[in-house]
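Right, one structure below, let's go through it.
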Amino acid sequence: MKKFFQVVAAIKECVSLCYTGAMFFYMFFLWVFQQETAPLPILFSLMVVSLAAGVMQVAAFSNLLFKKLSYGWRMVVFAVPFFAVLTAFAVGFEWFPTENAGAWVSFIVIFIVIFVAITAGIELYYRASGRKWDDRLDWYRRRKDE
């Protein structure tokens with residue numbers, strides 16, 4: 001039961017971060033295109049996509065389903081299904097004109113750019129925090145040896 005609540009908490013955290021990030025992007029583009037209102041179906045679709053993203057993140061990046069899978073493959077396990085879900089919602093909720101090839105190219109490029117940026121940000125964060133913990137561990141060992 002403890003593991004169940006840990007998984008639910010992890011999903012809840014991922015969903016919250018995803019939805020908050022999606023809303024920041026959406027609000028930015030509403031501002032850019034001088035829109036004063038946000039349609040409820042779009043907000044609902046962003047919430048459901050965030051829920052799907054949270055579930056897929058926990059499934060792909062925890063040891064819940066895949067015990068020994070490299071980080072690169074975990075990114076693929078997350079990105080491919082998430083892109084499919086995102087595409088389905090983009091078409092179903094008409095996020096952009098689907099008959100326009102340029103809109104599709106923009107959608108794909110934006111997905112790739114955001115995915116690469118988030119991946120790079122997470123990698124930098126983990127490297128920086130790893131160095132911080134390494135420094136603290138070295139300080140502790142030196143102090144213990146004295």
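Note on naming: chains are A, B, ... as they come in the structure tokens, residues start from 1 per chain, ligands start from 1 in the order shown.
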Legend entry - 12 Å contact set for A:Gln6, only C-alpha atoms, chain neighbours under 4 positions out, as a list in words: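 In the requested form, the answer reads Met1, Lys2, Ala10, Ile11, Lys12, Glu13, Val58, Ser62 and Leu64 of chain A.
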Inset, instruction - Within stretch 36-145 of chain A, find each residue whose DSSP state, derived from the backbone, is helix (DSSP H, G or I), and express the selection as a ChimeraX atom specification. - result: /A:40-61,71-92,101-145
Inset, instruction - Compile the contact shell of stretch 109-125 of chain A as a list in words: residues with an atom at most 12 Å away, counting only C-alpha atoms, same-chain residues fewer than 6 positions apart removed. - result: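 The residues satisfying every condition are Cys18, Gly21, Ala22, Phe25, Tyr71, Gly72, Arg74, Met75, Val76, Phe78, Ala79, Val80, Phe82, Phe83, Ala84, Leu86, Thr87, Ala90, Gly102, Ala103, Arg131 and Lys132 of chain A.
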Inset, instruction - Find, counting only C-alpha atoms, the residue in A:Gly130, A:Phe89, A:Lys144, A:Ile108 that gets nearest to A:Ala52. - result: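 Smallest distance to A:Ala52 is found for A:Phe89.
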With only C-alpha atoms as the counted atoms, please give the residues lying no more than 12 Å from A:Leu65, apart from itself and same-chain residues fewer than 5 positions off, as a PDB file with C-alpha atoms, in the first residue's frame.
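Listing of part22.pdb after writing:
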```pdb
ATOM      1  CA  VAL A   7       3.315   6.220  -7.101  1.00  0.00           C
ATOM      2  CA  VAL A  55       1.405   8.758 -15.730  1.00  0.00           C
ATOM      3  CA  MET A  56       3.823   8.218 -18.635  1.00  0.00           C
ATOM      4  CA  GLN A  57       6.670   9.993 -16.813  1.00  0.00           C
ATOM      5  CA  VAL A  58       6.289   7.836 -13.734  1.00  0.00           C
ATOM      6  CA  ALA A  59       5.989   4.709 -15.880  1.00  0.00           C
ATOM      7  CA  ALA A  60       9.010   5.536 -18.021  1.00  0.00           C
ATOM      8  CA  ARG A  74      13.469   5.726 -21.035  1.00  0.00           C
ATOM      9  CA  VAL A  77       9.574   5.141 -23.989  1.00  0.00           C
TER      10      VAL A  77
END
```
